[in-house]
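Asks: Have a look at this one.
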Amino acid sequence: MIKSGYTLFLLFLLYLNAKRGGDMLQASKQWQWISCAKKNRLLLDLNEDMQLCTPYKLRQLTDSTFKNPYFSLEDAAFYEQVYQYLVQFKLWNPAQLCQISLNATAVKFQLKPVLAKSWFFEQYTGSTPSTEAVINLTSKAQSGEFLIVEHSSDASVCINLSENFQLDDNLSLVQFEAIRVLNNRVHPLLNQHIHSKIA
């Protein structure tokens with residue numbers, strides 16, 4: 001159901017960007033975060049006809065999300081920052097960039113602190129430091145690309161860029177789901193090795 005919503009959102013953004021020559025969808029003061037009890041998800045209302053359905057459940061949201069739902073100047077600045085950072089990789093079309101950036105913004109400003117689940121991931125034992133926010137994490141089941149949304153000296157909050165990321169035989173992360181890992185789990189990723197696409 002959420003994946004279907006993502007597909008409609010992508011089609012809508014592709015249409016808008018085709019009309020605007022591929023430019024970034026500009027944030028608007030009319031945009032609002034919606035805590036949807038029916039879907040148990042955080043939505044972003046873009047206009048009368050279109051909403052972005054994130055994978056984040058209501059129990060994950062901060063109190064301020066319910067009290068102050070408007071897409072703030074801080075939200076807009078971070079959304080644009082992430083978009084402009086990702087565009088240089090030349091891997092995603094404008095609609096996909098918007099989708100990644102808006103979900104990253106939701107994690108940054110609307111979610112409660114994310115619990116660490118580092119035990120799912122292998123430690124990085126190489127000597128090449130990670131200098132990018134697009135990184136690789138490796139579980140026992142697979143490797144995949146993630147975007148660092150928040151970084152501290154010991155851990156990072158990341159969102160999954162793959163359509164589905166398998167943590168182990170029983171657990172997986174849906175696309176854009178957030179997870180916190182110790183920084184010694186972060187594997188650097190060369191641009192030419194990035195292969196994930198937004199479904």
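Identifiers for the structure tokens are assigned positionally: chains receive A, B, ... in sequence, residues are indexed from 1 per chain, and ligands are indexed from 1 in the order shown.
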What lies within 9 Å of Ile179 in chain A using only C-alpha atoms, ignoring chain neighbours under 6 positions off, as a list of chain:residue names?
Replies: A:Val114, A:Leu115, A:Ala116, A:Lys117, A:Ser118, A:Ser156, A:Val157, A:Cys158, A:Ile159, A:Asn160, A:Leu173
Asks: Please produce a file of the residues just selected, as a PDB file, in the first residue's frame, where the atoms kept are C-alpha atoms.
Replies:
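Writing the result to again.pdb gives the following:
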ATOM      1  CA  VAL A 114      16.084   6.206  16.864  1.00  0.00           C
ATOM      2  CA  LEU A 115      17.420   3.245  18.838  1.00  0.00           C
ATOM      3  CA  ALA A 116      20.754   1.751  17.817  1.00  0.00           C
ATOM      4  CA  LYS A 117      20.670  -1.669  16.170  1.00  0.00           C
ATOM      5  CA  SER A 118      24.343  -2.040  15.348  1.00  0.00           C
ATOM      6  CA  SER A 156      24.784   7.861  12.853  1.00  0.00           C
ATOM      7  CA  VAL A 157      21.078   7.850  12.015  1.00  0.00           C
ATOM      8  CA  CYS A 158      20.564   6.543   8.485  1.00  0.00           C
ATOM      9  CA  ILE A 159      17.698   5.810   6.106  1.00  0.00           C
ATOM     10  CA  ASN A 160      17.591   2.770   3.862  1.00  0.00           C
ATOM     11  CA  LEU A 173      13.896  -2.565   6.622  1.00  0.00           C
TER      12      LEU A 173
END
Asks: Which neighbours of range 41-56 of chain A fall inside 9 Å, counting only C-alpha atoms, when residues of the same chain fewer than 2 positions from it are skipped, and could you give them as a PyMOL selection string?
Replies: chain A and resi 2-3+5-6+8-9+12+27-28+30-39+58-61+71+99+102-103+106-107+110-111+174-178
Asks: Going by DSSP on the backbone, which residues of range 115-186 of chain A come out as strand (DSSP E or B)? List them as a ChimeraX atom specification.
Replies: /A:116,121,134-139,143-151,155-160,164-166,172-174,178-182
Asks: List every residue of range 56-103 of chain A that has an atom at most 10 Å from any atom of range 121-142 of chain A, and for each one report the closest atom pair and its distance in Å to one decimal, counting only C-alpha atoms, with rows sorted by chain and then by increasing residue number, as CSV.
Replies:
residue,atom,partner,partner_atom,distance
A:Val82,CA,A:Ala133,CA,9.6
A:Tyr85,CA,A:Ala133,CA,8.9
A:Leu86,CA,A:Val134,CA,8.5
A:Phe89,CA,A:Val134,CA,9.6
Asks: Let me make sure I understand: among A:Tyr83, A:Asn40, A:Asp169, A:Ala104, which one has the smallest atom-to-atom distance to Lys57 in chain A if we use only C-alpha atoms?
Replies: A:Asn40
Asks: Pick out each residue of range 91-122 of chain A that DSSP on the backbone tags as alpha helix (DSSP H); I need them as a compact mmCIF listing (two decimals) with C-alpha atoms, in the first residue's frame.
Replies:
# COMPACT_ATOMS: atom_id res chain seq x y z
CA PRO A 94 14.51 14.75 -9.73
CA ALA A 95 11.42 12.88 -8.54
CA GLN A 96 13.53 10.29 -6.75
CA LEU A 97 15.71 13.01 -5.24
CA CYS A 98 12.62 14.73 -3.86
CA GLN A 99 11.39 11.47 -2.38
CA ILE A 100 14.69 10.72 -0.63
CA SER A 101 15.10 14.29 0.60
CA LEU A 102 11.58 14.59 2.01
CA ASN A 103 11.85 11.31 3.90
CA ALA A 104 15.24 12.38 5.25
CA THR A 105 13.65 15.65 6.40
CA ALA A 106 10.91 13.72 8.20
CA VAL A 107 13.50 11.64 10.05
CA LYS A 108 15.58 14.70 10.94
CA PHE A 109 12.78 16.80 12.42
CA GLN A 110 9.69 14.68 13.08
Asks: Just the residues within 6 Å of Ala155 in chain A, please, counting only C-alpha atoms, with nothing from its chain fewer than 6 positions along; format it as a PyMOL selection string.
Replies: chain A and resi 181-183
Asks: Keeping only N, CA and C atoms, write the selected residues to a file as a PDB file, in the first residue's frame.
Replies:
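Written file, out.pdb:
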ATOM      1  N   VAL A 181      23.167   3.381  13.850  1.00  0.00           N
ATOM      2  CA  VAL A 181      24.267   2.423  13.938  1.00  0.00           C
ATOM      3  C   VAL A 181      25.518   3.118  14.472  1.00  0.00           C
ATOM      4  N   LEU A 182      26.355   2.356  15.135  1.00  0.00           N
ATOM      5  CA  LEU A 182      27.658   2.869  15.540  1.00  0.00           C
ATOM      6  C   LEU A 182      28.481   3.164  14.295  1.00  0.00           C
ATOM      7  N   ASN A 183      29.320   4.166  14.375  1.00  0.00           N
ATOM      8  CA  ASN A 183      30.080   4.582  13.199  1.00  0.00           C
ATOM      9  C   ASN A 183      31.089   3.540  12.728  1.00  0.00           C
TER      10      ASN A 183
END
Asks: Could you state the separation of CA of Leu91 in chain A and CA of Gln166 in chain A in Å, given to one decimal place?
Replies: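 Between CA of Leu91 in chain A and CA of Gln166 in chain A the gap is 22.6 Å.
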Asks: Please measure the separation of CA of Asp154 in chain A and CA of Leu167 in chain A, giving the value in Å to one decimal.
Replies: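 About the pair CA of Asp154 in chain A and CA of Leu167 in chain A: they are 21.2 Å apart.
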Asks: How many Å lie between CA of Arg180 in chain A and CA of Val149 in chain A, rounded to one decimal?
Replies: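 It comes out at 9.8 Å.
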